[in-house]
$ cat run12.json   # JSON, C-alpha atoms
[["chain", "number", "residue", "atom", "x", "y", "z"],
["A", 53, "MET", "CA", -96.19, 94.91, -114.14],
["A", 54, "SER", "CA", -94.20, 91.99, -112.78],
["A", 55, "LEU", "CA", -95.86, 88.65, -113.33],
["A", 56, "PRO", "CA", -96.05, 86.38, -110.28],
["A", 57, "VAL", "CA", -94.25, 83.07, -110.82],
["A", 58, "TRP", "CA", -94.33, 80.05, -108.53],
["A", 59, "ILE", "CA", -91.07, 78.08, -108.41],
["A", 60, "LEU", "CA", -90.63, 74.67, -106.77],
["A", 61, "THR", "CA", -87.07, 73.50, -106.31],
["A", 62, "GLY", "CA", -84.78, 71.43, -104.12],
["A", 63, "PRO", "CA", -81.86, 69.03, -104.54],
["A", 64, "THR", "CA", -81.99, 66.04, -106.84],
["A", 65, "ALA", "CA", -84.14, 63.15, -105.56],
["A", 66, "CYS", "CA", -86.15, 65.34, -103.17],
["A", 67, "GLY", "CA", -89.39, 64.48, -105.00],
["A", 68, "LYS", "CA", -90.04, 67.74, -106.86],
["A", 69, "THR", "CA", -91.68, 66.05, -109.83],
["A", 70, "ASP", "CA", -94.21, 64.05, -107.82],
["A", 71, "ILE", "CA", -95.05, 67.06, -105.66],
["A", 72, "ALA", "CA", -95.57, 69.27, -108.70],
["A", 73, "ILE", "CA", -97.86, 66.70, -110.30],
["A", 74, "LYS", "CA", -100.01, 66.59, -107.16],
["A", 75, "ILE", "CA", -100.25, 70.39, -107.13],
["A", 76, "SER", "CA", -101.13, 70.46, -110.82],
["A", 77, "GLU", "CA", -103.87, 67.90, -110.32],
["A", 78, "SER", "CA", -105.37, 69.88, -107.44],
["A", 79, "ILE", "CA", -105.49, 73.30, -109.15],
["A", 80, "ASP", "CA", -105.39, 72.34, -112.86],
["A", 81, "ALA", "CA", -101.97, 73.92, -113.31],
["A", 82, "GLU", "CA", -99.38, 73.47, -116.03],
["A", 83, "ILE", "CA", -95.69, 72.74, -115.36],
["A", 84, "ILE", "CA", -92.62, 74.46, -116.80],
["A", 85, "SER", "CA", -89.42, 72.50, -116.40],
["A", 86, "ALA", "CA", -86.36, 74.27, -114.98],
["A", 87, "ASP", "CA", -83.97, 71.37, -115.56],
["A", 88, "SER", "CA", -81.11, 71.69, -118.05],
["A", 89, "MET", "CA", -81.16, 67.99, -119.01],
["A", 90, "LEU", "CA", -84.90, 67.50, -119.51],
["A", 91, "VAL", "CA", -84.68, 69.54, -122.71],
["A", 92, "TYR", "CA", -83.03, 66.60, -124.54],
["A", 93, "ARG", "CA", -85.11, 64.01, -126.37],
["A", 94, "GLY", "CA", -84.13, 60.44, -125.63],
["A", 95, "MET", "CA", -82.48, 61.21, -122.30],
["A", 96, "ASP", "CA", -85.35, 59.91, -120.22],
["A", 97, "ILE", "CA", -84.24, 57.36, -117.65],
["A", 98, "GLY", "CA", -81.10, 59.17, -116.47],
["A", 99, "THR", "CA", -83.04, 62.41, -115.99],
["A", 100, "GLU", "CA", -86.16, 60.77, -114.51],
["A", 101, "LYS", "CA", -88.51, 62.65, -116.80],
["A", 102, "PRO", "CA", -92.19, 62.55, -115.89],
["A", 103, "PRO", "CA", -93.71, 59.58, -117.76],
["A", 104, "HIS", "CA", -95.55, 60.24, -121.01],
["A", 105, "GLU", "CA", -98.90, 59.21, -119.54],
["A", 106, "ILE", "CA", -98.54, 62.01, -116.97],
["A", 107, "ARG", "CA", -97.44, 64.53, -119.58],
["A", 108, "ASN", "CA", -100.44, 63.59, -121.70],
["A", 109, "LYS", "CA", -102.73, 64.55, -118.80],
["A", 110, "ILE", "CA", -100.84, 67.55, -117.43],
["A", 111, "PRO", "CA", -99.21, 69.98, -119.87],
["A", 112, "HIS", "CA", -95.44, 70.07, -119.34],
["A", 113, "HIS", "CA", -93.27, 72.66, -121.05],
["A", 114, "LEU", "CA", -89.56, 72.84, -121.99],
["A", 115, "ILE", "CA", -89.16, 69.07, -121.96],
["A", 116, "ASP", "CA", -87.98, 67.20, -125.09],
["A", 117, "ILE", "CA", -87.49, 70.39, -127.07],
["A", 118, "ILE", "CA", -84.11, 69.64, -128.71],
["A", 119, "GLU", "CA", -82.13, 66.67, -129.97],
["A", 120, "PRO", "CA", -79.31, 65.28, -127.80],
["A", 121, "TRP", "CA", -76.67, 66.30, -130.35],
["A", 122, "GLU", "CA", -77.78, 69.95, -130.24],
["A", 123, "GLU", "CA", -76.40, 72.64, -127.94],
["A", 124, "TYR", "CA", -78.61, 74.52, -125.48],
["A", 125, "ASN", "CA", -77.75, 77.19, -122.93],
["A", 126, "VAL", "CA", -79.26, 79.39, -120.27],
["A", 127, "GLY", "CA", -79.80, 82.25, -122.72],
["A", 128, "GLN", "CA", -81.97, 80.05, -124.92],
["A", 129, "TYR", "CA", -83.77, 78.76, -121.84],
["A", 130, "VAL", "CA", -84.70, 82.24, -120.66],
["A", 131, "LYS", "CA", -86.15, 83.10, -124.07],
["A", 132, "ASP", "CA", -88.13, 79.85, -124.15],
["A", 133, "PHE", "CA", -89.30, 80.40, -120.57],
["A", 134, "ASP", "CA", -90.49, 83.94, -121.36],
["A", 135, "THR", "CA", -92.43, 82.74, -124.40],
["A", 136, "THR", "CA", -93.98, 79.86, -122.46],
["A", 137, "VAL", "CA", -95.05, 82.06, -119.56],
["A", 138, "HIS", "CA", -96.60, 84.58, -121.95],
["A", 139, "ASN", "CA", -98.59, 81.87, -123.75],
["A", 140, "ILE", "CA", -99.87, 80.31, -120.52],
["A", 141, "TYR", "CA", -100.95, 83.66, -119.10],
["A", 142, "GLN", "CA", -102.76, 84.46, -122.33],
["A", 143, "ARG", "CA", -104.80, 81.29, -121.76],
["A", 144, "GLY", "CA", -105.48, 82.23, -118.14],
["A", 145, "LYS", "CA", -104.01, 79.05, -116.70],
["A", 146, "PRO", "CA", -102.03, 78.67, -113.45],
["A", 147, "PHE", "CA", -98.58, 77.15, -113.69],
["A", 148, "LEU", "CA", -95.46, 76.46, -111.67],
["A", 149, "ALA", "CA", -91.82, 76.20, -112.65],
["A", 150, "VAL", "CA", -90.17, 73.04, -111.33],
["A", 151, "GLY", "CA", -86.53, 72.03, -111.39],
["A", 152, "GLY", "CA", -83.15, 72.03, -109.76],
["A", 153, "THR", "CA", -80.89, 73.75, -112.29],
["A", 154, "ALA", "CA", -79.78, 76.65, -110.13],
["A", 155, "LEU", "CA", -78.45, 78.75, -113.01],
["A", 156, "TYR", "CA", -81.81, 78.56, -114.81],
["A", 157, "LEU", "CA", -83.67, 79.53, -111.64],
["A", 158, "LYS", "CA", -81.31, 82.41, -110.92],
["A", 159, "ALA", "CA", -81.74, 83.69, -114.47],
["A", 160, "ILE", "CA", -85.53, 83.62, -114.03],
["A", 161, "MET", "CA", -85.39, 85.41, -110.69],
["A", 162, "ASP", "CA", -82.56, 87.88, -111.26],
["A", 163, "GLY", "CA", -82.32, 88.36, -115.01],
["A", 164, "LEU", "CA", -79.60, 87.09, -117.30],
["A", 165, "PHE", "CA", -76.01, 88.15, -117.74],
["A", 166, "GLU", "CA", -75.44, 88.11, -121.51],
["A", 167, "GLY", "CA", -71.74, 87.35, -121.81],
["A", 168, "PRO", "CA", -69.59, 86.46, -124.81],
["A", 169, "PRO", "CA", -69.96, 82.99, -126.34],
["A", 170, "ALA", "CA", -67.83, 80.07, -125.19],
["A", 171, "ASP", "CA", -64.25, 79.79, -126.40],
["A", 172, "TRP", "CA", -63.70, 76.03, -126.19],
["A", 173, "GLU", "CA", -60.07, 76.17, -127.27],
["A", 174, "TYR", "CA", -59.24, 78.58, -124.43],
["A", 175, "ARG", "CA", -61.31, 76.58, -121.96],
["A", 176, "ASN", "CA", -59.45, 73.39, -122.83],
["A", 177, "TYR", "CA", -56.14, 75.23, -122.47],
["A", 178, "LEU", "CA", -57.12, 76.38, -118.97],
["A", 179, "LYS", "CA", -58.29, 72.89, -118.02],
["A", 180, "SER", "CA", -54.95, 71.46, -119.12],
["A", 181, "MET", "CA", -53.15, 74.09, -117.08],
["A", 182, "ALA", "CA", -55.21, 73.23, -114.00],
["A", 183, "SER", "CA", -54.54, 69.54, -114.53],
["A", 184, "GLU", "CA", -50.79, 70.11, -114.73],
["A", 185, "GLN", "CA", -50.36, 72.81, -112.08],
["A", 186, "GLY", "CA", -53.37, 72.34, -109.82],
["A", 187, "PRO", "CA", -56.62, 74.35, -109.60],
["A", 188, "ASN", "CA", -54.99, 77.04, -107.48],
["A", 189, "CYS", "CA", -53.17, 78.36, -110.54],
["A", 190, "LEU", "CA", -56.42, 79.38, -112.26],
["A", 191, "HIS", "CA", -57.70, 81.00, -109.09],
["A", 192, "ARG", "CA", -54.47, 83.02, -108.85],
["A", 193, "MET", "CA", -54.84, 84.09, -112.49],
["A", 194, "LEU", "CA", -58.38, 85.25, -111.82],
["A", 195, "ALA", "CA", -57.34, 87.13, -108.67],
["A", 196, "GLU", "CA", -54.94, 89.20, -110.76],
["A", 197, "VAL", "CA", -57.57, 90.38, -113.28],
["A", 198, "ASP", "CA", -60.83, 90.16, -111.28],
["A", 199, "PRO", "CA", -60.14, 90.03, -107.54],
["A", 200, "GLY", "CA", -63.79, 90.68, -106.71],
["A", 201, "THR", "CA", -64.99, 87.53, -108.47],
["A", 202, "ALA", "CA", -62.00, 85.51, -107.28],
["A", 203, "GLY", "CA", -62.86, 86.41, -103.71],
["A", 204, "LYS", "CA", -66.33, 84.92, -104.14],
["A", 205, "LEU", "CA", -65.22, 81.63, -105.72],
["A", 206, "HIS", "CA", -63.56, 78.62, -104.13],
["A", 207, "TYR", "CA", -60.39, 77.60, -105.95],
["A", 208, "ASN", "CA", -62.03, 74.26, -106.82],
["A", 209, "ASP", "CA", -64.95, 75.98, -108.60],
["A", 210, "GLN", "CA", -63.15, 75.44, -111.88],
["A", 211, "LYS", "CA", -66.17, 75.93, -114.15],
["A", 212, "ARG", "CA", -66.92, 79.47, -112.95],
["A", 213, "ILE", "CA", -63.26, 80.45, -112.67],
["A", 214, "ILE", "CA", -62.69, 79.40, -116.27],
["A", 215, "ARG", "CA", -65.77, 81.33, -117.40],
["A", 216, "ALA", "CA", -64.54, 84.46, -115.62],
["A", 217, "LEU", "CA", -61.09, 84.15, -117.23],
["A", 218, "GLU", "CA", -62.74, 83.55, -120.60],
["A", 219, "VAL", "CA", -64.82, 86.72, -120.29],
["A", 220, "PHE", "CA", -61.74, 88.74, -119.40],
["A", 221, "LYS", "CA", -59.79, 87.32, -122.34],
["A", 222, "LYS", "CA", -62.57, 88.12, -124.83],
["A", 223, "THR", "CA", -63.64, 91.53, -123.48],
["A", 224, "GLY", "CA", -60.71, 92.90, -121.49],
["A", 225, "ALA", "CA", -63.10, 93.53, -118.61],
["A", 226, "SER", "CA", -63.93, 91.57, -115.46],
["A", 227, "ILE", "CA", -67.03, 89.41, -115.44],
["A", 228, "SER", "CA", -68.14, 91.22, -112.28],
["A", 229, "SER", "CA", -68.36, 94.48, -114.26],
["A", 230, "PHE", "CA", -70.93, 92.85, -116.57],
["A", 231, "GLN", "CA", -73.00, 91.30, -113.82],
["A", 232, "THR", "CA", -74.64, 94.34, -112.33],
["A", 233, "GLN", "CA", -77.99, 93.22, -113.71],
["A", 234, "PHE", "CA", -77.45, 89.59, -112.68],
["A", 235, "GLY", "CA", -78.16, 89.78, -109.01],
["A", 236, "SER", "CA", -80.82, 92.45, -109.00],
["A", 237, "LYS", "CA", -84.44, 91.37, -109.21],
["A", 238, "ASN", "CA", -85.73, 90.52, -112.67],
["A", 239, "PRO", "CA", -88.36, 93.20, -113.40],
["A", 240, "LYS", "CA", -90.41, 90.74, -115.47],
["A", 241, "TYR", "CA", -91.31, 88.40, -112.64],
["A", 242, "ASN", "CA", -92.27, 88.39, -108.99],
["A", 243, "CYS", "CA", -90.93, 84.97, -108.04],
["A", 244, "ILE", "CA", -92.17, 83.00, -105.07],
["A", 245, "ILE", "CA", -89.77, 80.12, -104.54],
["A", 246, "VAL", "CA", -90.33, 77.09, -102.32],
["A", 247, "ALA", "CA", -87.61, 74.50, -101.75],
["A", 248, "ILE", "CA", -87.77, 70.99, -100.32],
["A", 249, "GLU", "CA", -84.99, 69.80, -98.04],
["A", 250, "TYR", "CA", -84.30, 66.55, -96.20],
["A", 251, "ASP", "CA", -81.78, 65.60, -93.56],
["A", 252, "ARG", "CA", -78.62, 64.57, -95.37],
["A", 253, "ASP", "CA", -78.83, 60.87, -94.48],
["A", 254, "ILE", "CA", -82.39, 60.63, -95.76],
["A", 255, "LEU", "CA", -81.59, 62.51, -98.98],
["A", 256, "TYR", "CA", -78.59, 60.29, -99.65],
["A", 257, "LYS", "CA", -80.74, 57.17, -99.27],
["A", 258, "ARG", "CA", -83.25, 58.65, -101.71],
["A", 259, "ILE", "CA", -80.42, 59.36, -104.16],
["A", 260, "GLU", "CA", -79.11, 55.80, -103.94],
["A", 261, "SER", "CA", -82.59, 54.35, -104.43],
["A", 262, "ARG", "CA", -83.16, 56.62, -107.42],
["A", 263, "ILE", "CA", -79.94, 55.55, -109.12],
["A", 264, "ASP", "CA", -80.62, 51.86, -108.45],
["A", 265, "ARG", "CA", -84.04, 52.39, -110.05],
["A", 266, "MET", "CA", -82.44, 54.03, -113.11],
["A", 267, "PHE", "CA", -80.18, 51.04, -113.68],
["A", 268, "GLN", "CA", -83.10, 48.66, -113.24],
["A", 269, "ARG", "CA", -85.12, 50.62, -115.82],
["A", 270, "GLY", "CA", -82.35, 50.33, -118.41],
["A", 271, "LEU", "CA", -80.07, 53.35, -118.10],
["A", 272, "ILE", "CA", -77.13, 51.53, -119.69],
["A", 273, "ASN", "CA", -79.18, 50.61, -122.77],
["A", 274, "GLU", "CA", -80.48, 54.16, -123.00],
["A", 275, "VAL", "CA", -76.95, 55.58, -123.15],
["A", 276, "ARG", "CA", -75.89, 52.88, -125.64],
["A", 277, "THR", "CA", -78.80, 53.83, -127.92],
["A", 278, "LEU", "CA", -77.90, 57.52, -127.75],
["A", 279, "LEU", "CA", -74.29, 56.78, -128.68],
["A", 280, "GLN", "CA", -75.33, 54.63, -131.64],
["A", 281, "ASN", "CA", -76.79, 57.68, -133.36],
["A", 282, "PRO", "CA", -74.18, 58.92, -135.88],
["A", 283, "LEU", "CA", -74.79, 62.50, -134.73],
["A", 284, "GLY", "CA", -73.69, 61.55, -131.21],
["A", 285, "LEU", "CA", -74.18, 63.72, -128.15],
["A", 286, "SER", "CA", -73.54, 67.41, -127.69],
["A", 287, "LYS", "CA", -70.78, 68.48, -125.33],
["A", 288, "GLN", "CA", -73.36, 69.43, -122.69],
["A", 289, "ALA", "CA", -75.42, 66.25, -123.03],
["A", 290, "SER", "CA", -72.36, 64.00, -122.89],
["A", 291, "GLN", "CA", -71.35, 65.62, -119.59],
["A", 292, "ALA", "CA", -74.72, 64.98, -117.92],
["A", 293, "LEU", "CA", -74.47, 63.27, -114.56],
["A", 294, "GLY", "CA", -74.87, 59.53, -115.04],
["A", 295, "TYR", "CA", -74.42, 59.65, -118.79],
["A", 296, "LYS", "CA", -70.80, 60.78, -118.61],
["A", 297, "GLU", "CA", -69.90, 57.98, -116.23],
["A", 298, "ILE", "CA", -71.60, 55.31, -118.33],
["A", 299, "ILE", "CA", -69.79, 56.55, -121.44],
["A", 300, "ASP", "CA", -66.57, 56.07, -119.48],
["A", 301, "PHE", "CA", -67.81, 52.59, -118.50],
["A", 302, "PHE", "CA", -68.27, 51.73, -122.18],
["A", 303, "ASN", "CA", -64.72, 52.93, -122.79],
["A", 304, "GLY", "CA", -63.42, 50.50, -120.18],
["A", 305, "LYS", "CA", -62.58, 53.06, -117.54],
["A", 306, "TYR", "CA", -64.82, 51.51, -114.85],
["A", 307, "THR", "CA", -66.47, 48.21, -114.02],
["A", 308, "LEU", "CA", -70.25, 48.12, -113.64],
["A", 309, "SER", "CA", -69.94, 48.10, -109.85],
["A", 310, "GLU", "CA", -67.50, 51.01, -109.95],
["A", 311, "VAL", "CA", -69.64, 53.12, -112.24],
["A", 312, "THR", "CA", -72.73, 52.60, -110.10],
["A", 313, "GLY", "CA", -70.88, 53.71, -106.98],
["A", 314, "LEU", "CA", -69.32, 56.65, -108.79],
["A", 315, "ILE", "CA", -72.67, 57.96, -110.03],
["A", 316, "LYS", "CA", -74.04, 57.75, -106.49],
["A", 317, "LEU", "CA", -71.02, 59.59, -105.12],
["A", 318, "ARG", "CA", -71.13, 62.35, -107.73],
["A", 319, "THR", "CA", -74.89, 62.72, -107.33],
["A", 320, "ARG", "CA", -74.48, 63.23, -103.59],
["A", 321, "ARG", "CA", -71.85, 65.88, -104.27],
["A", 322, "PHE", "CA", -74.11, 67.51, -106.85],
["A", 323, "ALA", "CA", -76.97, 67.68, -104.34],
["A", 324, "LYS", "CA", -74.63, 69.36, -101.87],
["A", 325, "ARG", "CA", -73.68, 72.00, -104.47],
["A", 326, "GLN", "CA", -77.34, 72.55, -105.28],
["A", 327, "MET", "CA", -78.13, 73.26, -101.65],
["A", 328, "THR", "CA", -75.30, 75.78, -101.49],
["A", 329, "TRP", "CA", -76.82, 77.57, -104.48],
["A", 330, "PHE", "CA", -80.35, 77.48, -103.11],
["A", 331, "ARG", "CA", -79.31, 78.86, -99.74],
["A", 332, "SER", "CA", -77.88, 81.89, -101.55],
["A", 333, "PHE", "CA", -81.31, 82.74, -103.00],
["A", 334, "SER", "CA", -83.17, 85.55, -101.28],
["A", 335, "ASN", "CA", -86.79, 85.18, -100.16],
["A", 336, "ILE", "CA", -86.80, 81.40, -100.45],
["A", 337, "HIS", "CA", -89.31, 79.40, -98.38],
["A", 338, "TRP", "CA", -87.97, 76.09, -97.06],
["A", 339, "ILE", "CA", -90.00, 72.98, -96.27],
["A", 340, "ARG", "CA", -88.25, 70.40, -94.12],
["A", 341, "ALA", "CA", -89.47, 67.02, -95.33],
["A", 342, "HIS", "CA", -89.31, 63.81, -93.33],
["A", 343, "ALA", "CA", -88.99, 60.19, -94.39],
["A", 344, "GLU", "CA", -92.67, 59.52, -93.69],
["A", 345, "ASP", "CA", -93.95, 62.49, -95.75],
["A", 346, "ASP", "CA", -95.54, 61.52, -99.06],
["A", 347, "ALA", "CA", -96.02, 63.66, -102.17],
["A", 348, "THR", "CA", -99.62, 64.48, -101.28],
["A", 349, "ARG", "CA", -98.74, 65.93, -97.89],
["A", 350, "LEU", "CA", -95.76, 67.85, -99.23],
["A", 351, "SER", "CA", -97.81, 69.22, -102.13],
["A", 352, "GLU", "CA", -100.34, 70.61, -99.66],
["A", 353, "MET", "CA", -97.56, 72.31, -97.69],
["A", 354, "VAL", "CA", -95.99, 73.77, -100.85],
["A", 355, "LEU", "CA", -99.31, 75.01, -102.18],
["A", 356, "GLU", "CA", -100.09, 76.66, -98.84],
["A", 357, "LEU", "CA", -96.82, 78.62, -99.02],
["A", 358, "PHE", "CA", -97.51, 79.64, -102.61],
["A", 359, "THR", "CA", -101.02, 80.87, -101.88],
["A", 360, "GLN", "CA", -99.97, 82.76, -98.75],
["A", 361, "ASN", "CA", -97.97, 85.00, -101.06],
["A", 362, "LYS", "CA", -99.02, 87.07, -104.04],
["A", 363, "PRO", "CA", -101.78, 85.33, -106.07],
["A", 364, "LEU", "CA", -100.68, 83.56, -109.21],
["A", 365, "LEU", "CA", -103.73, 83.90, -111.42],
["A", 366, "LYS", "CA", -105.33, 86.49, -113.68],
["A", 367, "GLU", "CA", -102.40, 88.83, -114.24],
["A", 368, "THR", "CA", -102.53, 90.79, -117.45],
["A", 369, "VAL", "CA", -99.69, 90.40, -119.91]]

$ encode --input "run12.json" --output "structure tokens"
Amino acid sequence: MSLPVWILTGPTACGKTDIAIKISESIDAEIISADSMLVYRGMDIGTEKPPHEIRNKIPHHLIDIIEPWEEYNVGQYVKDFDTTVHNIYQRGKPFLAVGGTALYLKAIMDGLFEGPPADWEYRNYLKSMASEQGPNCLHRMLAEVDPGTAGKLHYNDQKRIIRALEVFKKTGASISSFQTQFGSKNPKYNCIIVAIEYDRDILYKRIESRIDRMFQRGLINEVRTLLQNPLGLSKQASQALGYKEIIDFFNGKYTLSEVTGLIKLRTRRFAKRQMTWFRSFSNIHWIRAHAEDDATRLSEMVLELFTQNKPLLKETV
């Protein structure tokens, strides 16, 4: 039997965390994070983790589960998510998954494509090629070996193009031939997904306010502390939005004013990519939020959409 799962998502800075907390308070629910950066201990300000006082009152899962120098991927996340869901259902508690990492959400909803592990040497070679010859060269390479995938990807989508080329190099087969299960409904879960959206101008103002708040709370000192650890940061953690730019700031690449503006710019672009992902999800329920809407009102609207669909509670595992 498929277990019903409530998922709350939306672009960065749309207020998912505050809305989820209000829902949890109203129905005594637990929260499972679906954010790829919240897994790291010590990366708090730049990821806007829920404060500890909130997490002490409302159980949060899959937050602070690994050290910042450790690697973590979607495969590990799916296993941790499955275990967490099983344990919560055994206790008979309601819960909701909350986050904006589209790959994690897609893996929950559609199942996971288990591909070969990363080949960093080959990835770096492809990145160098793209830097020298332009991103079109990688897209042309992919079109020769996997035209189906190439036709679905923009030539600037370097990350996914490189992954597709990597899979072909290591297996001799196209990534599309492996992805038959990734795109059909995950038999484990019956997912009900609700997403928050704002008009672009409003969302961008929320993003800028959020980043200003991060700097005021001490984001620069947080990154400095992380870098002082002799174990450093993992490749994934060091590429996190905001952290990567501040590392470059420490290395003299940007001034403080430049790095602040750059993080805002890249966060706006990230939110745009998130929305593209979310609009590709099937059976997603959208809530159009307005500047005057607070977390309480939005939580009531989200909860209404959840409860109009298949009930969450008392499924048997």

$ atom_distance --input "run12.json" --atom1 "atom CA of A:Asn188" --atom2 "atom CA of A:Tyr207"
5.6 Å

$ closest_residue --input "run12.json" --among "A:Thr69, A:Asn273, A:Thr223, A:Thr348" --to "A:Phe302" --atoms "all atoms listed in the file"
A:Asn273

$ atom_distance --input "run12.json" --atom1 "atom CA of A:Gln185" --atom2 "atom CA of A:Gly313"
28.5 Å

$ atom_distance --input "run12.json" --atom1 "atom CA of A:Leu60" --atom2 "atom CA of A:Gly151"
6.7 Å

$ residues_near_point --input "run12.json" --point "(-85.7, 78.7, -124.0)" --cutoff "12 Å" --atoms "all atoms listed in the file" --output "MDAnalysis selection string"
chainID A and resid 84:88 91 113:118 123:137 156 159:160

$ residues_around --input "run12.json" --residues "stretch 240-251 of chain A" --least-positions-apart "5" --cutoff "8 Å" --atoms "only C-alpha atoms" --output "ChimeraX atom specification"
/A:53-63,66,68,160-161,330,335-342,354,357-358,361

$ residues_around --input "run12.json" --residues "stretch 171-183 of chain A" --least-positions-apart "6" --cutoff "7 Å" --atoms "all atoms listed in the file" --output "ChimeraX atom specification"
/A:189-190,214

$ write_last_selection --input "run12.json" --atoms "C-alpha atoms" --output "PDB file, in the coordinates of the input"
ATOM      1  CA  CYS A 189     -53.170  78.360-110.540  1.00  0.00           C
ATOM      2  CA  LEU A 190     -56.420  79.380-112.260  1.00  0.00           C
ATOM      3  CA  ILE A 214     -62.690  79.400-116.270  1.00  0.00           C
TER       4      ILE A 214
END

$ closest_residue --input "run12.json" --among "A:Ile272, A:Ile140, A:His104, A:Glu122" --to "A:Ile83" --atoms "only C-alpha atoms"
A:Ile140

$ residues_around --input "run12.json" --residues "A:Leu194" --least-positions-apart "2" --cutoff "12 Å" --atoms "only C-alpha atoms" --output "ChimeraX atom specification"
/A:178,187-192,196-207,209-210,212-221,225-228

$ closest_residue --input "run12.json" --among "A:Ile110, A:Val150, A:Ile299, A:Ile259" --to "A:Leu90" --atoms "only C-alpha atoms"
A:Val150

$ build_atoms --input "run12.json" --residues "stretch 284-296 of chain A" --atoms "N, CA and C atoms" --output "CSV table (one decimal), keeping the file's coordinate frame"
chain,number,residue,atom,x,y,z
A,284,GLY,N,-74.3,61.6,-132.5
A,284,GLY,CA,-73.7,61.6,-131.2
A,284,GLY,C,-74.4,62.4,-130.2
A,285,LEU,N,-73.7,62.9,-129.2
A,285,LEU,CA,-74.2,63.7,-128.2
A,285,LEU,C,-73.5,65.1,-128.2
A,286,SER,N,-74.2,66.1,-127.8
A,286,SER,CA,-73.5,67.4,-127.7
A,286,SER,C,-72.6,67.4,-126.5
A,287,LYS,N,-71.7,68.4,-126.4
A,287,LYS,CA,-70.8,68.5,-125.3
A,287,LYS,C,-71.5,68.5,-124.0
A,288,GLN,N,-72.6,69.3,-123.9
A,288,GLN,CA,-73.4,69.4,-122.7
A,288,GLN,C,-74.0,68.1,-122.3
A,289,ALA,N,-74.7,67.5,-123.3
A,289,ALA,CA,-75.4,66.2,-123.0
A,289,ALA,C,-74.5,65.1,-122.6
A,290,SER,N,-73.3,65.1,-123.2
A,290,SER,CA,-72.4,64.0,-122.9
A,290,SER,C,-71.7,64.2,-121.5
A,291,GLN,N,-71.9,65.4,-120.9
A,291,GLN,CA,-71.4,65.6,-119.6
A,291,GLN,C,-72.4,65.5,-118.5
A,292,ALA,N,-73.6,65.1,-118.9
A,292,ALA,CA,-74.7,65.0,-117.9
A,292,ALA,C,-74.4,63.9,-116.9
A,293,LEU,N,-74.7,64.2,-115.7
A,293,LEU,CA,-74.5,63.3,-114.6
A,293,LEU,C,-75.1,61.9,-114.8
A,294,GLY,N,-74.4,60.9,-114.7
A,294,GLY,CA,-74.9,59.5,-115.0
A,294,GLY,C,-74.5,59.1,-116.4
A,295,TYR,N,-74.7,60.0,-117.4
A,295,TYR,CA,-74.4,59.6,-118.8
A,295,TYR,C,-72.9,59.7,-119.0
A,296,LYS,N,-72.3,60.7,-118.5
A,296,LYS,CA,-70.8,60.8,-118.6
A,296,LYS,C,-70.1,59.5,-118.0
